[in-house]
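Chemist: I have a structure I would like to understand better, so I am pasting it below and will then ask my questions one at a time.
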Amino acid sequence: MGWFKKTKEIAANRKVNIPEGLWIKCDSCKEIIYKKEIQRNLQVCPKCNYHFRISSLERINLITDEGTFIEIDSDLTTTNPLNFSDTISYKDRLEINKKKTSLKEAAIYGDATINGRAVSLAVLEFSFMGGSMGAVVGEKIARATERALDKGIPLITISSSGGARMQEGMFSLMQMAKVSAAIARLKETDTLYVSILADPTFGGVTASFAMLGDVIIAEPKSLIGFAGPRVIERTIKQQLPKDFQRAEFLLEHGMIDLIVGRKELKNTIHRLIELFMPYKQEEGSFP
C-alpha cells in the first residue's frame, strides 16, 4: 500500500511547464492556434481566414517591392493646439504612443513600387492612438494625394482607424474636408486611387478618404462603418442584422468593391493599376 501511495504523491506534484506566448485565440472563430502557424500565414487565422491586425510597416512590406519604400515627411509631429487633457495631457499621451510604436504619428506615407509600378502610398497605424486622424495624419494623406497627382502615379491608402482625433477638436474634423478636396482634384485626372480598408475602419476616416477610392478593397471580416453597432442600436432602438458592418455585409450591399486576402493583395493592386493606368513602355509615360 505504501508503494502505491508514494506513486500517487509523485504524480500529483508533477508540473508540466508550457512556455507562454506559443498559442493565440482567434478573435473570430475563438479557436486556439499555434502562434507560429499564424505568423507563417501572414497573421491570418488558418481556421476561419480572420485577418489579425498588423503594423503599418508590416503592411508596407506586404504590398511593396522589397527595399523600394521611401518614407517622406517622417519628422512631422503633432502639437497640442487646444492644450487638451483628459486623464492625462494630450502631450503626454502622444509621447506614450511614440514610445510604444517607435513612430511620430499615426500615418506613414512615401513613394514605392508594386511589381515595378510606382505608387504614392499612405498607411495608418492603429497602434498609435487607434490610427486616429489629427492634423498631421490629414496633412500626410493630403500630401500623398498631391504627390500622386503631381507625378501621375496611383494613390494607395491603407486605413485602420477609429476616426477623427477628438483631442484636436475642430482641427481634426477639418482634415476630412482637406483630404476629400485633395482627392477630388485627383479624380479630375485619370489617376487611380485604390483605398484598402483593414479592421477596423471607422468615424471620420470612413466618412472621408477611405470611402472615396476608385476601387475600394477590404480585408476579410474587417469591421467597417461610421458609428459602432452598439451606438446605432441604441439610436434606432432595433437589433442590427447579423455581421452588420463586416466587409462581407458591405460587399453584398454595394458599399465596397472587393474583398481580398493578404496573400493576393499585392498582385490585385498591380492588376488594377495595369487595368486603369496601362503603361506605354515605348513612350515611357501614361496614356
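Labels used: A, B, ... for chains in the order of the C-alpha cells, numbers from 1 for residues in each chain, and numbers from 1 for ligands as shown.
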Please produce, as JSON lines, a per-residue contact table for stretch 24-139 of chain A versus stretch 260-266 of chain A (criterion: any atom at most 8 Å away, only C-alpha atoms considered), showing the nearest atom pair and its distance in Å to one decimal, sorted by chain then residue number.

Modeler:
```
{"residue": "A:Leu42", "atom": "CA", "partner": "A:Arg262", "partner_atom": "CA", "distance": 7.1}
{"residue": "A:Leu62", "atom": "CA", "partner": "A:Lys266", "partner_atom": "CA", "distance": 7.2}
{"residue": "A:Ile63", "atom": "CA", "partner": "A:Lys266", "partner_atom": "CA", "distance": 4.6}
{"residue": "A:Thr64", "atom": "CA", "partner": "A:Lys266", "partner_atom": "CA", "distance": 7.2}
{"residue": "A:Ile114", "atom": "CA", "partner": "A:Lys266", "partner_atom": "CA", "distance": 7.0}
{"residue": "A:Asn115", "atom": "CA", "partner": "A:Lys266", "partner_atom": "CA", "distance": 7.9}
```

Chemist: Could you produce a table of the residues of stretch 164-254 of chain A lying within 12 Å of stretch 24-37 of chain A, with the nearest pair of atoms per residue and their separation in Å rounded to one decimal, using only C-alpha atoms, ordered by chain and increasing residue number, as a Markdown table?

Modeler:
```
| residue | atom | partner | partner_atom | distance |
| --- | --- | --- | --- | --- |
| A:Asp199 | CA | A:Asp27 | CA | 11.6 |
| A:Pro220 | CA | A:Ser28 | CA | 11.0 |
| A:Lys221 | CA | A:Ser28 | CA | 8.5 |
| A:Ser222 | CA | A:Ser28 | CA | 10.5 |
| A:Leu223 | CA | A:Ser28 | CA | 11.4 |
| A:Asp243 | CA | A:Ser28 | CA | 11.3 |
| A:Arg246 | CA | A:Ser28 | CA | 11.6 |
```

Chemist: Within stretch 176-284 of chain A, find each residue whose DSSP state, derived from the backbone, is alpha helix (DSSP H), and express the selection as a ChimeraX atom specification.

Modeler: /A:176-187,203-206,229-236,247-252,262-276

Chemist: With N, CA and C atoms retained, write the just-selected residues as a compact mmCIF listing (two decimals), in the first residue's frame.

Modeler:
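Generated output (out32.txt):
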```txt
# COMPACT_ATOMS: atom_id res chain seq x y z
N MET A 176 -11.03 66.07 -42.62
CA MET A 176 -11.95 65.35 -43.50
C MET A 176 -12.17 66.14 -44.79
N ALA A 177 -12.41 67.45 -44.64
CA ALA A 177 -12.62 68.29 -45.82
C ALA A 177 -11.34 68.44 -46.63
N LYS A 178 -10.21 68.57 -45.94
CA LYS A 178 -8.94 68.79 -46.64
C LYS A 178 -8.56 67.60 -47.50
N VAL A 179 -8.61 66.40 -46.92
CA VAL A 179 -8.21 65.23 -47.70
C VAL A 179 -9.23 64.92 -48.79
N SER A 180 -10.51 65.19 -48.54
CA SER A 180 -11.54 64.96 -49.55
C SER A 180 -11.35 65.91 -50.73
N ALA A 181 -10.97 67.16 -50.45
CA ALA A 181 -10.72 68.12 -51.52
C ALA A 181 -9.52 67.71 -52.36
N ALA A 182 -8.46 67.21 -51.69
CA ALA A 182 -7.28 66.76 -52.42
C ALA A 182 -7.61 65.59 -53.34
N ILE A 183 -8.42 64.67 -52.84
CA ILE A 183 -8.81 63.50 -53.64
C ILE A 183 -9.73 63.93 -54.79
N ALA A 184 -10.57 64.94 -54.56
CA ALA A 184 -11.43 65.45 -55.64
C ALA A 184 -10.59 65.99 -56.78
N ARG A 185 -9.48 66.67 -56.46
CA ARG A 185 -8.57 67.15 -57.51
C ARG A 185 -7.93 65.99 -58.25
N LEU A 186 -7.61 64.94 -57.51
CA LEU A 186 -7.01 63.75 -58.13
C LEU A 186 -7.98 63.11 -59.11
N LYS A 187 -9.26 63.09 -58.74
CA LYS A 187 -10.28 62.43 -59.57
C LYS A 187 -10.58 63.20 -60.85
N GLY A 203 -15.49 56.08 -38.26
CA GLY A 203 -15.56 57.50 -37.99
C GLY A 203 -15.18 58.38 -39.17
N GLY A 204 -14.43 59.46 -38.86
CA GLY A 204 -14.09 60.45 -39.86
C GLY A 204 -13.21 59.95 -40.97
N VAL A 205 -12.49 58.86 -40.75
CA VAL A 205 -11.68 58.27 -41.82
C VAL A 205 -12.60 57.60 -42.84
N THR A 206 -13.58 56.83 -42.35
CA THR A 206 -14.58 56.24 -43.24
C THR A 206 -15.37 57.32 -43.96
N PRO A 229 -21.70 49.55 -33.88
CA PRO A 229 -23.02 48.90 -33.91
C PRO A 229 -23.83 49.12 -32.64
N ARG A 230 -23.19 49.16 -31.48
CA ARG A 230 -23.94 49.38 -30.25
C ARG A 230 -24.55 50.77 -30.20
N VAL A 231 -23.81 51.77 -30.71
CA VAL A 231 -24.33 53.14 -30.76
C VAL A 231 -25.53 53.21 -31.69
N ILE A 232 -25.44 52.53 -32.83
CA ILE A 232 -26.54 52.54 -33.80
C ILE A 232 -27.78 51.87 -33.21
N GLU A 233 -27.59 50.73 -32.55
CA GLU A 233 -28.74 50.02 -31.96
C GLU A 233 -29.43 50.86 -30.90
N ARG A 234 -28.65 51.58 -30.09
CA ARG A 234 -29.27 52.44 -29.07
C ARG A 234 -30.03 53.60 -29.72
N THR A 235 -29.51 54.08 -30.86
CA THR A 235 -30.14 55.22 -31.53
C THR A 235 -31.44 54.83 -32.22
N ILE A 236 -31.41 53.74 -32.99
CA ILE A 236 -32.61 53.35 -33.75
C ILE A 236 -33.51 52.40 -32.98
N ALA A 247 -17.02 43.33 -43.60
CA ALA A 247 -16.70 43.54 -45.01
C ALA A 247 -17.63 42.77 -45.93
N GLU A 248 -17.96 41.54 -45.55
CA GLU A 248 -18.81 40.70 -46.39
C GLU A 248 -20.21 41.30 -46.54
N PHE A 249 -20.73 41.89 -45.47
CA PHE A 249 -22.04 42.53 -45.49
C PHE A 249 -21.99 43.77 -46.39
N LEU A 250 -20.91 44.55 -46.28
CA LEU A 250 -20.78 45.75 -47.10
C LEU A 250 -20.63 45.42 -48.58
N LEU A 251 -19.91 44.34 -48.89
CA LEU A 251 -19.76 43.93 -50.28
C LEU A 251 -21.12 43.52 -50.86
N GLU A 252 -21.88 42.79 -50.08
CA GLU A 252 -23.20 42.34 -50.53
C GLU A 252 -24.13 43.52 -50.80
N ARG A 262 -4.70 38.80 -47.73
CA ARG A 262 -3.35 39.38 -47.76
C ARG A 262 -2.44 38.73 -48.80
N LYS A 263 -2.61 37.45 -49.01
CA LYS A 263 -1.74 36.76 -49.95
C LYS A 263 -1.94 37.25 -51.39
N GLU A 264 -3.14 37.72 -51.69
CA GLU A 264 -3.45 38.16 -53.06
C GLU A 264 -3.43 39.67 -53.22
N LEU A 265 -3.22 40.41 -52.11
CA LEU A 265 -3.41 41.85 -52.15
C LEU A 265 -2.44 42.55 -53.10
N LYS A 266 -1.16 42.24 -53.01
CA LYS A 266 -0.17 42.92 -53.85
C LYS A 266 -0.47 42.74 -55.32
N ASN A 267 -0.70 41.50 -55.74
CA ASN A 267 -0.96 41.23 -57.15
C ASN A 267 -2.29 41.83 -57.61
N THR A 268 -3.27 41.90 -56.70
CA THR A 268 -4.55 42.51 -57.05
C THR A 268 -4.38 44.00 -57.33
N ILE A 269 -3.63 44.68 -56.47
CA ILE A 269 -3.37 46.10 -56.68
C ILE A 269 -2.65 46.32 -58.01
N HIS A 270 -1.66 45.47 -58.28
CA HIS A 270 -0.91 45.61 -59.54
C HIS A 270 -1.82 45.42 -60.74
N ARG A 271 -2.71 44.44 -60.69
CA ARG A 271 -3.63 44.21 -61.81
C ARG A 271 -4.55 45.41 -62.02
N LEU A 272 -5.00 46.03 -60.91
CA LEU A 272 -5.85 47.21 -61.02
C LEU A 272 -5.10 48.38 -61.67
N ILE A 273 -3.84 48.55 -61.27
CA ILE A 273 -3.03 49.62 -61.87
C ILE A 273 -2.87 49.38 -63.37
N GLU A 274 -2.57 48.14 -63.75
CA GLU A 274 -2.40 47.82 -65.17
C GLU A 274 -3.71 48.03 -65.94
N LEU A 275 -4.82 47.79 -65.28
CA LEU A 275 -6.13 47.93 -65.94
C LEU A 275 -6.51 49.40 -66.10
N PHE A 276 -6.34 50.19 -65.04
CA PHE A 276 -6.79 51.58 -65.05
C PHE A 276 -5.75 52.54 -65.61
```

Chemist: Just asking: which residues within stretch 3-103 of chain A are strand (DSSP E) according to DSSP, as a PyMOL selection string?

Modeler: chain A and resi 23-25+32-34+70-71

Chemist: Contacts of stretch 95-107 of chain A at 10 Å or less, counting only C-alpha atoms, minus same-chain residues fewer than 2 places along, as a PyMOL selection string?

Modeler: chain A and resi 55-56+74-78+90-93+109+122-134+136-141+158-161

Chemist: Please produce a file of those selected residues containing N, CA and C atoms, as a JSON list (two decimals), in the first residue's frame.

Modeler:
```json
[["chain", "number", "residue", "atom", "x", "y", "z"],
["A", 55, "SER", "N", 1.02, 45.76, -38.15],
["A", 55, "SER", "CA", 1.52, 47.13, -38.08],
["A", 55, "SER", "C", 1.57, 47.76, -39.47],
["A", 56, "SER", "N", 1.71, 49.08, -39.49],
["A", 56, "SER", "CA", 1.81, 49.80, -40.76],
["A", 56, "SER", "C", 3.05, 49.36, -41.54],
["A", 74, "SER", "N", 8.87, 62.20, -42.46],
["A", 74, "SER", "CA", 8.82, 61.36, -41.25],
["A", 74, "SER", "C", 8.92, 62.18, -39.97],
["A", 75, "ASP", "N", 9.39, 63.43, -40.08],
["A", 75, "ASP", "CA", 9.59, 64.26, -38.89],
["A", 75, "ASP", "C", 8.37, 65.11, -38.53],
["A", 76, "LEU", "N", 7.30, 65.04, -39.32],
["A", 76, "LEU", "CA", 6.10, 65.81, -38.99],
["A", 76, "LEU", "C", 5.52, 65.32, -37.66],
["A", 77, "THR", "N", 5.30, 66.22, -36.74],
["A", 77, "THR", "CA", 4.75, 65.85, -35.44],
["A", 77, "THR", "C", 3.58, 66.74, -35.07],
["A", 78, "THR", "N", 2.74, 66.22, -34.20],
["A", 78, "THR", "CA", 1.55, 66.92, -33.76],
["A", 78, "THR", "C", 1.86, 67.85, -32.59],
["A", 90, "TYR", "N", -2.78, 65.62, -23.44],
["A", 90, "TYR", "CA", -2.63, 65.13, -24.81],
["A", 90, "TYR", "C", -1.16, 65.00, -25.18],
["A", 91, "LYS", "N", -0.35, 65.95, -24.71],
["A", 91, "LYS", "CA", 1.09, 65.91, -24.97],
["A", 91, "LYS", "C", 1.71, 64.64, -24.42],
["A", 92, "ASP", "N", 1.35, 64.27, -23.19],
["A", 92, "ASP", "CA", 1.88, 63.05, -22.58],
["A", 92, "ASP", "C", 1.37, 61.81, -23.32],
["A", 93, "ARG", "N", 0.12, 61.85, -23.75],
["A", 93, "ARG", "CA", -0.44, 60.71, -24.47],
["A", 93, "ARG", "C", 0.29, 60.48, -25.79],
["A", 109, "TYR", "N", 3.71, 57.88, -44.99],
["A", 109, "TYR", "CA", 3.49, 57.93, -46.44],
["A", 109, "TYR", "C", 4.83, 58.09, -47.15],
["A", 122, "ALA", "N", 0.12, 55.62, -48.59],
["A", 122, "ALA", "CA", -0.10, 56.14, -47.24],
["A", 122, "ALA", "C", -0.79, 55.07, -46.41],
["A", 123, "VAL", "N", -0.25, 54.83, -45.20],
["A", 123, "VAL", "CA", -0.75, 53.75, -44.35],
["A", 123, "VAL", "C", -0.99, 54.29, -42.93],
["A", 124, "LEU", "N", -2.12, 53.92, -42.34],
["A", 124, "LEU", "CA", -2.42, 54.31, -40.97],
["A", 124, "LEU", "C", -1.96, 53.22, -40.00],
["A", 125, "GLU", "N", -1.52, 53.64, -38.83],
["A", 125, "GLU", "CA", -1.04, 52.74, -37.78],
["A", 125, "GLU", "C", -2.05, 52.74, -36.63],
["A", 126, "PHE", "N", -2.80, 51.64, -36.48],
["A", 126, "PHE", "CA", -3.85, 51.59, -35.47],
["A", 126, "PHE", "C", -3.29, 51.63, -34.05],
["A", 127, "SER", "N", -2.08, 51.13, -33.87],
["A", 127, "SER", "CA", -1.49, 51.11, -32.52],
["A", 127, "SER", "C", -1.16, 52.50, -32.00],
["A", 128, "PHE", "N", -1.11, 53.49, -32.90],
["A", 128, "PHE", "CA", -0.85, 54.88, -32.48],
["A", 128, "PHE", "C", -2.19, 55.58, -32.32],
["A", 129, "MET", "N", -2.68, 55.64, -31.10],
["A", 129, "MET", "CA", -3.94, 56.29, -30.77],
["A", 129, "MET", "C", -5.08, 55.84, -31.68],
["A", 130, "GLY", "N", -5.15, 54.55, -31.90],
["A", 130, "GLY", "CA", -6.23, 53.99, -32.71],
["A", 130, "GLY", "C", -6.23, 54.45, -34.15],
["A", 131, "GLY", "N", -5.05, 54.84, -34.67],
["A", 131, "GLY", "CA", -4.98, 55.29, -36.06],
["A", 131, "GLY", "C", -5.80, 56.54, -36.32],
["A", 132, "SER", "N", -6.07, 57.31, -35.28],
["A", 132, "SER", "CA", -6.97, 58.46, -35.40],
["A", 132, "SER", "C", -6.36, 59.56, -36.26],
["A", 133, "MET", "N", -7.23, 60.31, -36.94],
["A", 133, "MET", "CA", -6.78, 61.34, -37.88],
["A", 133, "MET", "C", -6.82, 62.71, -37.23],
["A", 134, "GLY", "N", -5.63, 63.21, -36.89],
["A", 134, "GLY", "CA", -5.48, 64.58, -36.45],
["A", 134, "GLY", "C", -4.88, 65.41, -37.56],
["A", 136, "VAL", "N", -1.76, 66.20, -38.36],
["A", 136, "VAL", "CA", -0.61, 65.64, -39.07],
["A", 136, "VAL", "C", -1.02, 64.48, -39.96],
["A", 137, "VAL", "N", -1.89, 63.62, -39.48],
["A", 137, "VAL", "CA", -2.36, 62.49, -40.31],
["A", 137, "VAL", "C", -3.07, 63.02, -41.55],
["A", 138, "GLY", "N", -3.96, 64.01, -41.36],
["A", 138, "GLY", "CA", -4.65, 64.59, -42.50],
["A", 138, "GLY", "C", -3.70, 65.23, -43.49],
["A", 139, "GLU", "N", -2.68, 65.91, -42.96],
["A", 139, "GLU", "CA", -1.68, 66.55, -43.82],
["A", 139, "GLU", "C", -0.90, 65.51, -44.62],
["A", 140, "LYS", "N", -0.56, 64.40, -43.99],
["A", 140, "LYS", "CA", 0.20, 63.37, -44.70],
["A", 140, "LYS", "C", -0.64, 62.72, -45.80],
["A", 141, "ILE", "N", -1.91, 62.47, -45.53],
["A", 141, "ILE", "CA", -2.78, 61.90, -46.57],
["A", 141, "ILE", "C", -2.93, 62.88, -47.72],
["A", 158, "ILE", "N", -4.05, 52.67, -47.04],
["A", 158, "ILE", "CA", -4.50, 51.54, -46.22],
["A", 158, "ILE", "C", -4.97, 52.11, -44.88],
["A", 159, "SER", "N", -6.24, 51.93, -44.59],
["A", 159, "SER", "CA", -6.85, 52.52, -43.40],
["A", 159, "SER", "C", -7.10, 51.48, -42.33],
["A", 160, "SER", "N", -6.78, 51.87, -41.11],
["A", 160, "SER", "CA", -7.16, 51.11, -39.91],
["A", 160, "SER", "C", -7.24, 52.15, -38.80],
["A", 161, "SER", "N", -8.47, 52.57, -38.49],
["A", 161, "SER", "CA", -8.62, 53.78, -37.68],
["A", 161, "SER", "C", -9.95, 53.81, -36.95]]
```

Chemist: With distances taken over only C-alpha atoms, which of A:Leu94, A:Ala142, A:Gly67, A:His253 is nearest to A:Thr79?

Modeler: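 When distances to A:Thr79 are compared using only C-alpha atoms, the smallest one comes from A:Leu94.
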
Chemist: Under the rule that only C-alpha atoms are counted, which of A:Thr189, A:Thr157, A:Gln245, A:Gln238 is the nearest residue to A:Leu212?

Modeler: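 Answer, going by the shortest atom-to-atom distance: A:Thr157.
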